[in-house]
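For reference, the structure discussed in these notes is given below.
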There are 4 protein chains.
Amino acid sequence: MSNTFGKIFRITTFGESHGPAMGVVIDGCPAGLEIDMAFIEQELRRRRPGQSKLSSQRKEPDEVEVLSGIFEGKTTGTPIALLIRNRDARSRDYDHLAKAYRPSHADFTWHKKYGHRDWRGGGRSSARETVARVAAGAIAKQLLIAQGVRLTAWVSSVGSVSLDAPEEAWDFADIEKTPVRCPHLPTAQKMEELILQVRKEGDTVGGVVSCRIEGCPPGWGEPVFDRLQADLAKAMLSINACKGFEYGSGFAGTTMRGSEHNDLFFRAGLDEVGKPLIQTETNFSGGIQGGISNGMPIYFKAAFKPVATIMRPQLSVDEQGEEVLLEGRGRHDPCVVPRAVPIVEAMAALVLADHYLRSQNSRLTDL
Amino acid sequence: MSNTFGKIFRITTFGESHGPAMGVVIDGCPAGLEIDMAFIEQELRRRRPGQSKLSSQRKEPDEVEVLSGIFEGKTTGTPIALLIRNRDARSRDYDHLAKAYRPSHADFTWHKKYGHRDWRGGGRSSARETVARVAAGAIAKQLLIAQGVRLTAWVSSVGSVSLDAPEEAWDFADIEKTPVRCPHLPTAQKMEELILQVRKEGDTVGGVVSCRIEGCPPGWGEPVFDRLQADLAKAMLSINACKGFEYGSGFAGTTMRGSEHNDLFFRAGLDEVGKPLIQTETNFSGGIQGGISNGMPIYFKAAFKPVATIMRPQLSVDEQGEEVLLEGRGRHDPCVVPRAVPIVEAMAALVLADHYLRSQNSRLTDL
Amino acid sequence: MSNTFGKIFRITTFGESHGPAMGVVIDGCPAGLEIDMAFIEQELRRRRPGQSKLSSQRKEPDEVEVLSGIFEGKTTGTPIALLIRNRDARSRDYDHLAKAYRPSHADFTWHKKYGHRDWRGGGRSSARETVARVAAGAIAKQLLIAQGVRLTAWVSSVGSVSLDAPEEAWDFADIEKTPVRCPHLPTAQKMEELILQVRKEGDTVGGVVSCRIEGCPPGWGEPVFDRLQADLAKAMLSINACKGFEYGSGFAGTTMRGSEHNDLFFRAGLDEVGKPLIQTETNFSGGIQGGISNGMPIYFKAAFKPVATIMRPQLSVDEQGEEVLLEGRGRHDPCVVPRAVPIVEAMAALVLADHYLRSQNSRLTDL
Amino acid sequence: MSNTFGKIFRITTFGESHGPAMGVVIDGCPAGLEIDMAFIEQELRRRRPGQSKLSSQRKEPDEVEVLSGIFEGKTTGTPIALLIRNRDARSRDYDHLAKAYRPSHADFTWHKKYGHRDWRGGGRSSARETVARVAAGAIAKQLLIAQGVRLTAWVSSVGSVSLDAPEEAWDFADIEKTPVRCPHLPTAQKMEELILQVRKEGDTVGGVVSCRIEGCPPGWGEPVFDRLQADLAKAMLSINACKGFEYGSGFAGTTMRGSEHNDLFFRAGLDEVGKPLIQTETNFSGGIQGGISNGMPIYFKAAFKPVATIMRPQLSVDEQGEEVLLEGRGRHDPCVVPRAVPIVEAMAALVLADHYLRSQNSRLTDL
């Protein structure tokens with residue numbers, strides 16, 4: 001059951017890194033949504049390896065085949081199945097790893113759990129699995145765009161290089177202008193230099209992805225366990241290499257006083273139907289109060305550790321506990337963070353799409 | 001569906017702060033587990049308001065009535081229903097808030113979502129709801145203890161006062177010795193002073209709770225969406241006032257190089273059945289790799305914002321968007337972090353108990 | 001997880017026959033629904049034992065305490081918890097059964113499954129459990145009534161006495177006029193005589209309950225696995241003593257030709273919004289096509305076996321496989337079918353309420 | 001969410017009759033199960049159209065591509081994705097139906113529910129969807145066979161021709177000897193004649209499939225809502241054209257007295273571990289008591305209506321409510337019952353496999 005995500009808008013993914021294909025089944029997307037296939041392909045291109053010298057050189061065209069659920073350009077309400085063939089798997093690169101446990105990978109834990117595993121390229125524990133999430137997220141995004149909701153993620157730090165420039169100095173339109181996906185070009189430049197340096201050293205480095213969601217109306221998210229932030233946290237921590245999540249004031253908020261942290265309400269005018277439009281003066285709440293969106297921008301951060309595969313020799317053990325010397329091989333990213341940007345957006349979109357549909361059943365007068 | 005948590009060991013909670021009772025139904029606890037009722041009561045005492053001058057002065061005895069599922073001291077496999085009556089609700093304290101939206105509370109969002117709400121004491125958005133989680137967590141803990149798993153949480157910072165002393169200088173046995181629940185007594189003293197100071201100012205302050213889980217065997221947790229860390233993250237972010245989660249190296253790990261961050265495996269001897277015991281030299285992974293426990297200690301942190309209710313006047317608006325002046329009233333905590341400790345443990349225990357049961361079905365040879 | 005039913009409108013029940021209380025938590029009921037408590041009590045009276053000489057003489061007032069979810073007479077969107085105390089449990093009646101397996105009861109299978117069981121009055125396998133379903137069903141019915149949906153169940157056979165009179169000869173208004181709940185009074189009279197005769201013989205007898213649902217609009221129910229009839233079948237077969245389910249033409253329909261069985265569509269005029277109103281000339285489909293309601297009346301039957309507890313001596317075995325002679329004791333129904341009527345309605349209402357809410361998300365233009 | 005079935009061993013199906021492919025993702029199959037691909041293909045051959053003159057002449061090779069989850073002949077614990085391409089869809093046969101509602105099909109209800117539908121060959125409402133269930137069921141069967149559980153289904157009636165010969169006169173080994181799948185060859189002969197006659201008349205006929213499950217140990221199935229019979233009922237009623245379900249004594253049992261119907265326990269010797277083996281003298285319970293298997297054979301029946309597509313002109317209406325004359329076209333079965341046999345087995349296997357895994361968590365001493 002762990003390969004399914006979401007309650008009403010729900011996806012089930014499948015596929016291993018070096019198996020024939022990756023795929024996803026989306027169940028619960030309402031009928032009548034127009035689907036732009038070019039948009040799905042564009043999203044996949046953003047995640048694709050080999051897109052720049054900053055990322056793995058595996059060449060995957062990531063062409064999507066729609067197997068069901070879309071007819072004459074629109075969703076039918078039946079499951080949408082998307083298939084992406086693996087084209088450039090080089091399993092031989094992994095032959096020497098069939099019995100060894102790579103440090104900080106899933107080899108050891110999967111072996112302990114399942115007894116039997118597909119070790120080629122990490123099998124299903126590979127980040128290749130996220131291609132299915134991005135494809136599904138591209139459907140979720142189209143559902144959200146139709147509701148006026150926009151999601152934007154960007155790289156806010158790589159190693160110790162962080163985006164400290166004030167927001168006035170940068171522009172979302174610049175995010176896709178550099179391979180590093182930082183909206184402040186001078187900082188992007190520094191990040192890129194760091195990644196190339198680290199790569200040259202045969203090493204890897206981590207970073208942080210930030211995300212902002214605008215246009216979300218009040219009332220999405222559910223109290224108690226399925227709070228919007230709880231589902232976002234789960235979504236982020238389910239991404240390979242993610243080590244932390246914070247929203248709104250986050251960890252820094254713990255040092256504030258309540259009197260500073262409280263977001264005061266005020267009447268900002270009238271909404272579209274002539275009712276009072278209520279907003280907050282500050283937004284330490286990160287757009288979510290009591291687990292439910294309040295109409296202000298939602299924002300959060302996700303921390304990513306340095307990629308475990310390095311191009312240096314490392315000592316490890318094999319299944320018998322015998323020492324083995326591993327040499328870095330295969331095609332890997334020196335820094336996964338720029339490619340994590342579309343994955344973060346996709347997972348956030350899946351959470352939002354689910355809560356959008358769930359919010360339809362909150363009260364009787366809406367029904 | 002948002003009041004249910006867990007897949008196999010699953011709880012459903014109910015109750016409002018000023019309604020007649022809080023409660024929980026636990027479905028999926030295996031039959032034959034001996035239940036120590038005194039342990040459940042002890043856990044509730046740790047969460048209880050009025051336990052010290054650091055917390056709300058609401059007086060709740062929090063007596064638990066077992067309505068079903070336990071017979072002759074053992075679980076029967078049927079749902080365990082636990083009921084805790086509310087004894088000290090003073091709804092009049094909230095009369096003046098029936099139409100107003102308190103800053104950084106759930107009043108506004110719940111009203112927008114449901115149209116109709118129980119505004120007394122926050123209704124179900126109140127942290128009083130967590131009493132049911134702690135009661136259920138006390139059952140989960142007993143299931144885990146029987147597997148040799150121990151969970152310990154403590155306060156690692158209050159405002160800017162953080163526990164920086166090396167671990168050698170403190171002792172888990174000291175956690176419950178001070179009302180602040182920090183295992184380093186000199187730091188605890190400083191934290192306590194800060195909370196009392198903040199309280200005197202009619203203000204509130206946040207902090208961080210750390211948690212460590214020891215004795216968890218390799219193989220718990222599931223890949224892809226239900227990674228152990230993803231479920232822990234969701235569990236933490238579902239707690240009132242929680243703003244962030246990190247495990248293992250967390251946000252700080254983003255600045256490390258892969259070559260430093262990788263946890264190297266080594267053979268630490270033989271396990272109980274004479275097989276090689278494999279451990280890691282460092283534990284930046286936080287005991288979880290690929291979403292699955294690796295046998296090393298699991299550790300994480302949860303950030304809590306300052307409580308929104310302050311004892312100072314604040315401007316806000318009412319349902320019509322008219323400005324209102326709110327005066328702090330009711331009985332609230334100046335710092336919720338010490339009382340969050342047993343809640344963090346309870347939620348972590350619920351996640352672990354669920355994954356323990358889920359792990360039973362991983363492979364055929366175990367079955 | 002087996003004590004939860006429904007996906008959006010979902011109930012979780014708890015309690016054992018001779019424990020302190022029975023109860024139910026309803027999660028997912030929309031906010032703003034007005035709740036008539038008298039209606040809930042009336043439904044419980046219809047299920048209650050001791051209501052006539054045809055049923056068990058256990059005296060249970062079945063008073064409902066609302067623990068949460070309803071405020072100022074309306075649902076709030078939070079979980080609705082209902083508690084019903086057990087008042088007249090006489091556990092001593094069962095002392096002699098603590099180690100014995102009663103024929104055709106759940107004693108043996110529960111013991112094999114759980115190892116440890118509450119044997120008093122059948123514990124949770126007792127039909128007493130259904131009191132919680134009827135209470136929850138009474139909430140579901142109020143949600144459905146607000147949508148114009150009406151459910152009616154009645155006894156259509158007891159043993160070999162079946163309601164064969166044409167529908168013109170009977171009246172739904174007569175169902176509650178006799179304790180047997182058959183809408184044709186002369187047949188009801190014969191059924192009652194049969195039950196009293198069987199009771200005098202210390203024996204029991206089975207029967208069939210029919211149910212009709214009117215006012216259900218087209219579009220409820222979902223294709224593939226959660227067809228409306230599939231969920232109704234599961235609901236019925238989850239009731240104690242239920243052995244079969246059929247809807248529409250049912251088993252008899254298997255002997256028909258397609259040319260007879262097909263329900264031809266015709267235009268029956270205009271609907272409320274001026275669109276063509278399409279109906280079928282016959283209704284062998286039972287109001288459901290492709291798993292989805294078509295606007296015609298839904299109807300089905302549920303078969304109930306004779307109650308296993310008889311007032312005659314029976315040979316059985318105990319936990320060690322030793323032969324024991326059981327004498328009928330305790331307070332039981334000679335025929336469960338009349339009391340099954342409100343249970344059938346309640347379970348059907350729970351299915352319909354769930355699918356009503358699920359139908360809100362079928363297509364974009366509705367949202 | 002309606003395209004997913006099962007809780008631990010769970011399948012998600014996708015695909016439309018005239019789309020590019022049908023498929024299924026199985027999540028929750030334990031690692032280490034050896035998979036015989038030839039067995040899967042054999043099961044699909046049993047369901048395949050065109051296998052005899054009794055069935056539709058659509059030619060589908062139904063070749064299965066394994067996309068994930070099986071490595072070196074064994075399951076890995078990751079999702080098993082199976083893909084079956086549609087090869088012989090002739091959508092033009094349906095052009096004239098794009099706007100019309102075929103009687104007793106899902107055209108009308110799907111249109112009302114979704115607004116937008118794939119009308120070619122019934123889209124996803126087509127029985128072609130069941131190919132994915134049979135493929136998944138073939139995996140479930142292999143899991144069950146490893147536990148000693150065997151499932152056998154057969155045709156017990158076609159129209160008014162029913163298998164009345166005593167069980168001694170027939171043989172399960174004969175089921176696959178005739179295209180009609182009745183284990184009593186003289187009755188099979190009569191059934192076949194009836195189907196050919198009906199086909200000649202351009203008509204269709206229904207029938208009943210019986211199923212028996214042997215080797216199921218006591219303790220599978222869960223009390224209250226997920227009783228084994230409840231999940232089997234849902235499974236059967238989720239199959240296209242199924243109108244009823246009964247198990248054990250079924251509808252006929254309603255006319256029996258409790259004293260006849262009760263299955264008396266006796267000690268049948270010792271089991272494999274030397275404990276008393278307890279069985280029942282009769283088996284009106286159908287191998288299930290209190291929702292849980294008791295170790296006796298489980299048996300049930302499923303009723304199937306006559307196929308709605310007939311080769312005769314029928315009056316109907318179109319989307320505007322205008323009268324249209326439909327002429328029977330396309331390739332359809334005169335009687336679906338023989339092909340339903342492997343589908344019934346597959347669905348029963350999916351239920352049993354799920355409950356087998358669920359039973360692993362019933363009690364502590366087993367864990």
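A note on labels: chains of the structure tokens are A, B, ... as shown, every chain counts residues from 1, and ligands are counted from 1 in their shown order.
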For this session: Please identify every residue of chain A that has at least one atom no more than 7 Å from any atom of chain D, counting only C-alpha atoms, and report them as a VMD selection string.
Result: chain A and resid 1 3 8 14 to 16 19 to 21 27 to 28 31 to 32 67 to 68 71 76 to 77 79 81 114 116 to 118
N, CA, C and O atoms of the current selection, written as a compact mmCIF listing (two decimals), in the first residue's frame:
```
# COMPACT_ATOMS: atom_id res chain seq x y z
N MET A 1 0.82 -1.21 0.00
CA MET A 1 0.00 0.00 0.00
C MET A 1 0.86 1.27 0.00
O MET A 1 0.35 2.37 -0.11
N ASN A 3 2.81 2.40 -2.17
CA ASN A 3 3.07 2.99 -3.47
C ASN A 3 1.90 3.84 -3.96
O ASN A 3 1.85 4.20 -5.13
N ILE A 8 -8.34 11.20 -2.38
CA ILE A 8 -9.35 11.25 -3.44
C ILE A 8 -8.66 11.38 -4.79
O ILE A 8 -8.93 10.59 -5.68
N PHE A 14 4.76 2.77 -10.15
CA PHE A 14 5.45 1.48 -10.26
C PHE A 14 6.69 1.65 -11.13
O PHE A 14 6.84 2.67 -11.80
N GLY A 15 7.55 0.64 -11.11
CA GLY A 15 8.71 0.65 -12.00
C GLY A 15 10.02 0.72 -11.26
O GLY A 15 10.13 1.36 -10.20
N GLU A 16 11.04 0.05 -11.82
CA GLU A 16 12.37 0.10 -11.25
C GLU A 16 13.32 0.80 -12.22
O GLU A 16 13.11 0.79 -13.43
N GLY A 19 14.36 -1.53 -14.89
CA GLY A 19 13.32 -2.38 -15.46
C GLY A 19 12.85 -1.79 -16.77
O GLY A 19 13.38 -0.78 -17.24
N PRO A 20 11.83 -2.36 -17.39
CA PRO A 20 11.41 -1.86 -18.71
C PRO A 20 10.76 -0.47 -18.68
O PRO A 20 10.87 0.26 -19.67
N ALA A 21 10.11 -0.11 -17.59
CA ALA A 21 9.36 1.15 -17.63
C ALA A 21 9.03 1.63 -16.24
O ALA A 21 9.04 0.88 -15.27
N ASP A 27 -5.99 7.83 -9.98
CA ASP A 27 -7.41 7.52 -9.81
C ASP A 27 -8.06 8.67 -9.05
O ASP A 27 -7.52 9.14 -8.05
N GLY A 28 -9.18 9.14 -9.53
CA GLY A 28 -9.90 10.18 -8.81
C GLY A 28 -9.84 11.56 -9.44
O GLY A 28 -10.40 12.51 -8.90
N ALA A 31 -13.77 14.04 -14.22
CA ALA A 31 -13.96 14.05 -15.67
C ALA A 31 -14.07 15.49 -16.17
O ALA A 31 -14.47 16.39 -15.43
N GLY A 32 -13.68 15.69 -17.42
CA GLY A 32 -13.91 16.97 -18.06
C GLY A 32 -12.74 17.94 -17.99
O GLY A 32 -12.85 19.07 -18.47
N LEU A 67 -2.10 5.52 -21.43
CA LEU A 67 -2.72 4.21 -21.65
C LEU A 67 -4.22 4.23 -21.42
O LEU A 67 -4.93 3.35 -21.89
N SER A 68 -4.71 5.21 -20.68
CA SER A 68 -6.14 5.23 -20.38
C SER A 68 -6.52 6.54 -19.72
O SER A 68 -5.66 7.29 -19.25
N PHE A 71 -9.69 11.01 -23.20
CA PHE A 71 -10.37 10.73 -24.46
C PHE A 71 -10.72 12.06 -25.10
O PHE A 71 -11.30 12.92 -24.45
N THR A 76 -11.75 11.45 -18.47
CA THR A 76 -13.07 10.81 -18.50
C THR A 76 -13.56 10.42 -17.11
O THR A 76 -14.65 9.90 -16.98
N GLY A 77 -12.73 10.60 -16.10
CA GLY A 77 -13.10 10.15 -14.76
C GLY A 77 -12.59 8.75 -14.45
O GLY A 77 -12.64 8.31 -13.31
N PRO A 79 -9.35 5.83 -14.50
CA PRO A 79 -7.93 5.99 -14.12
C PRO A 79 -7.08 6.42 -15.31
O PRO A 79 -7.20 5.87 -16.40
N ALA A 81 -3.61 6.30 -16.82
CA ALA A 81 -2.36 5.55 -16.69
C ALA A 81 -1.34 6.13 -17.65
O ALA A 81 -1.61 6.29 -18.84
N TYR A 114 13.29 -7.19 2.47
CA TYR A 114 12.64 -8.04 1.46
C TYR A 114 13.37 -9.35 1.17
O TYR A 114 12.82 -10.23 0.52
N HIS A 116 15.04 -10.23 -1.06
CA HIS A 116 15.27 -10.38 -2.50
C HIS A 116 15.07 -9.01 -3.13
O HIS A 116 14.06 -8.38 -2.92
N ARG A 117 16.08 -8.54 -3.90
CA ARG A 117 15.93 -7.18 -4.43
C ARG A 117 16.53 -7.05 -5.83
O ARG A 117 17.42 -7.80 -6.20
N ASP A 118 16.01 -6.10 -6.54
CA ASP A 118 16.56 -5.74 -7.85
C ASP A 118 17.63 -4.68 -7.58
O ASP A 118 17.31 -3.53 -7.31
```
Could you find all residues in stretch 162-349 of chain A that DSSP calls alpha helix (DSSP H) from the backbone, and write them as a compact mmCIF listing (two decimals) with C-alpha atoms, in the first residue's frame?
```txt
# COMPACT_ATOMS: atom_id res chain seq x y z
CA LEU A 185 21.11 35.12 -11.06
CA PRO A 186 24.25 36.19 -9.16
CA THR A 187 23.52 33.59 -6.49
CA ALA A 188 22.70 31.03 -9.18
CA GLN A 189 26.12 31.66 -10.62
CA LYS A 190 27.80 30.95 -7.29
CA MET A 191 25.76 27.82 -6.77
CA GLU A 192 26.69 26.56 -10.20
CA GLU A 193 30.35 27.16 -9.51
CA LEU A 194 30.09 25.26 -6.26
CA ILE A 195 28.41 22.28 -7.91
CA LEU A 196 31.01 22.13 -10.65
CA GLN A 197 33.79 22.35 -8.09
CA VAL A 198 32.28 19.59 -6.00
CA ARG A 199 31.81 17.48 -9.08
CA LYS A 200 35.43 17.91 -10.01
CA LEU A 228 -2.33 20.68 4.87
CA GLN A 229 1.17 21.09 6.36
CA ALA A 230 1.19 17.47 7.56
CA ASP A 231 0.40 16.17 4.09
CA LEU A 232 2.97 18.54 2.55
CA ALA A 233 5.57 17.36 5.06
CA LYS A 234 4.88 13.74 4.22
CA ALA A 235 5.00 14.52 0.52
CA MET A 236 8.41 16.18 0.82
CA LEU A 237 9.95 13.59 3.15
CA GLY A 258 3.83 34.99 20.36
CA SER A 259 3.28 38.74 20.22
CA GLU A 260 5.63 39.02 17.22
CA HIS A 261 4.61 35.78 15.57
CA VAL A 337 18.74 19.96 -5.72
CA PRO A 338 18.12 21.65 -9.10
CA ARG A 339 16.38 18.52 -10.39
CA ALA A 340 14.42 18.29 -7.14
CA VAL A 341 12.64 21.56 -7.99
CA PRO A 342 10.04 20.03 -10.34
CA ILE A 343 9.66 17.04 -8.01
CA VAL A 344 8.87 19.31 -5.06
CA GLU A 345 6.33 21.13 -7.19
CA ALA A 346 4.80 17.86 -8.36
CA MET A 347 4.40 16.46 -4.86
CA ALA A 348 2.97 19.74 -3.58
CA ALA A 349 0.53 19.78 -6.51
```
Exercise. Excluding same-chain residues fewer than 5 positions from B:Val149, what lies within 7 Å of it counting only C-alpha atoms, as number ranges by chain?
Worked result: B: 144, 213-216
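A straight line drawn from atom CA of C:Gly253 to atom CA of D:Lys243 is 7.9 Å long.
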Exercise. How many Å lie between atom CA of B:Ser238 and atom CA of B:Arg150, rounded to one decimal?
Worked result: 21.9 Å
For this session: Assign secondary structure with DSSP using the backbone only, and return the residues of stretch 52-136 of chain D in strand (DSSP E or B) as a list in words.
Result: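 Going through stretch 52-136 of chain D, the strand (DSSP E or B) residues come out as Val64, Glu65, Val66, Leu67, Ser68, Ile70, Phe71, Lys74, Thr75, Ile80, Ala81, Leu82, Leu83, Ile84, Arg85 and Ala100 of chain D.
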Using only C-alpha atoms, determine which residues lie at most 7 Å from A:Gly328, disregarding the query and same-chain residues fewer than 4 positions distant; provide the list as a compact mmCIF listing (two decimals) with N, CA and C atoms, in the first residue's frame.
```txt
# COMPACT_ATOMS: atom_id res chain seq x y z
N THR A 309 25.98 8.70 -3.82
CA THR A 309 26.96 8.14 -4.75
C THR A 309 28.03 9.18 -5.07
N ILE A 310 29.25 8.89 -4.67
CA ILE A 310 30.36 9.80 -4.95
C ILE A 310 31.36 9.07 -5.85
N MET A 311 32.16 9.84 -6.54
CA MET A 311 33.12 9.26 -7.49
C MET A 311 34.47 9.04 -6.79
N ARG A 312 34.43 8.56 -5.59
CA ARG A 312 35.63 8.27 -4.83
C ARG A 312 35.52 6.87 -4.24
N PRO A 313 36.61 6.24 -3.98
CA PRO A 313 36.54 4.91 -3.35
C PRO A 313 36.05 5.03 -1.90
```
Exercise. Rounded to one decimal in Å, what is the spacing between atom CA of A:Trp154 and atom CA of A:His184?
Worked result: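 Calculated distance between atom CA of A:Trp154 and atom CA of A:His184 is 9.9 Å.
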Need the shell around B:Gly287: protein/DNA/RNA residues with any atom at most 8 Å away, counting only C-alpha atoms. Skip same-chain ones fewer than 5 positions apart. Format as a short mmCIF file (atom, residue, chain, number, x, y, z; two decimals) with N, CA and C atoms, in the first residue's frame?
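Final output, result.cif:
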```
data_model
loop_
_atom_site.label_atom_id
_atom_site.label_comp_id
_atom_site.auth_asym_id
_atom_site.auth_seq_id
_atom_site.Cartn_x
_atom_site.Cartn_y
_atom_site.Cartn_z
N GLY B 248 17.85 12.83 11.25
CA GLY B 248 19.26 12.64 10.91
C GLY B 248 19.95 13.98 10.83
N SER B 293 14.14 1.48 8.35
CA SER B 293 15.07 1.51 9.48
C SER B 293 16.27 0.61 9.19
N ASN B 294 17.45 1.05 9.64
CA ASN B 294 18.66 0.25 9.41
C ASN B 294 19.25 -0.31 10.70
N GLY B 295 18.51 -0.19 11.81
CA GLY B 295 18.97 -0.76 13.07
C GLY B 295 19.73 0.22 13.95
N MET B 296 20.16 1.34 13.40
CA MET B 296 20.82 2.37 14.20
C MET B 296 19.73 3.24 14.86
N PRO B 297 20.07 4.03 15.88
CA PRO B 297 19.05 4.88 16.50
C PRO B 297 18.40 5.84 15.49
N ILE B 298 17.12 5.96 15.59
CA ILE B 298 16.37 6.92 14.78
C ILE B 298 16.25 8.19 15.60
N TYR B 299 16.54 9.33 14.99
CA TYR B 299 16.36 10.58 15.75
C TYR B 299 15.86 11.69 14.85
#
```
Problem set entry | B:Arg267 surroundings by only C-alpha atoms, 12 Å radius, close-in-sequence under 5 positions cut, as a ChimeraX atom specification | /A:101,315-324 /B:275-281
Can you tell me which residues surround B:Asp263 at a distance of at most 8 Å, considering only C-alpha atoms, apart from same-chain residues fewer than 6 positions away, and format the answer as a PDB file with N, CA, C and O atoms, in the first residue's frame?
```pdb
ATOM      1  N   PRO A 103      27.220   2.792   0.826  1.00  0.00           N
ATOM      2  CA  PRO A 103      26.953   3.620   2.008  1.00  0.00           C
ATOM      3  C   PRO A 103      25.812   4.606   1.758  1.00  0.00           C
ATOM      4  O   PRO A 103      25.736   5.213   0.687  1.00  0.00           O
ATOM      5  N   SER A 104      24.973   4.744   2.747  1.00  0.00           N
ATOM      6  CA  SER A 104      23.864   5.711   2.730  1.00  0.00           C
ATOM      7  C   SER A 104      22.899   5.535   1.555  1.00  0.00           C
ATOM      8  O   SER A 104      22.147   6.454   1.228  1.00  0.00           O
TER       9      SER A 104
ATOM     10  N   THR B 280      26.635   1.198  11.154  1.00  0.00           N
ATOM     11  CA  THR B 280      27.329   2.278  10.450  1.00  0.00           C
ATOM     12  C   THR B 280      28.196   3.048  11.438  1.00  0.00           C
ATOM     13  O   THR B 280      27.872   3.146  12.624  1.00  0.00           O
ATOM     14  N   GLU B 281      29.301   3.586  10.919  1.00  0.00           N
ATOM     15  CA  GLU B 281      30.247   4.290  11.798  1.00  0.00           C
ATOM     16  C   GLU B 281      29.686   5.616  12.285  1.00  0.00           C
ATOM     17  O   GLU B 281      29.873   5.990  13.435  1.00  0.00           O
ATOM     18  N   THR B 282      29.065   6.341  11.397  1.00  0.00           N
ATOM     19  CA  THR B 282      28.366   7.565  11.781  1.00  0.00           C
ATOM     20  C   THR B 282      26.869   7.310  11.567  1.00  0.00           C
ATOM     21  O   THR B 282      26.488   6.235  11.098  1.00  0.00           O
ATOM     22  N   ASN B 283      26.036   8.264  11.901  1.00  0.00           N
ATOM     23  CA  ASN B 283      24.600   8.062  11.734  1.00  0.00           C
ATOM     24  C   ASN B 283      23.912   9.349  11.283  1.00  0.00           C
ATOM     25  O   ASN B 283      22.931   9.794  11.858  1.00  0.00           O
ATOM     26  N   PHE B 284      24.471   9.950  10.219  1.00  0.00           N
ATOM     27  CA  PHE B 284      23.806  11.115   9.638  1.00  0.00           C
ATOM     28  C   PHE B 284      22.471  10.722   9.006  1.00  0.00           C
ATOM     29  O   PHE B 284      21.591  11.545   8.808  1.00  0.00           O
ATOM     30  N   SER B 285      22.352   9.431   8.672  1.00  0.00           N
ATOM     31  CA  SER B 285      21.102   8.931   8.085  1.00  0.00           C
ATOM     32  C   SER B 285      19.969   8.942   9.097  1.00  0.00           C
ATOM     33  O   SER B 285      18.801   8.752   8.728  1.00  0.00           O
TER      34      SER B 285
END
```
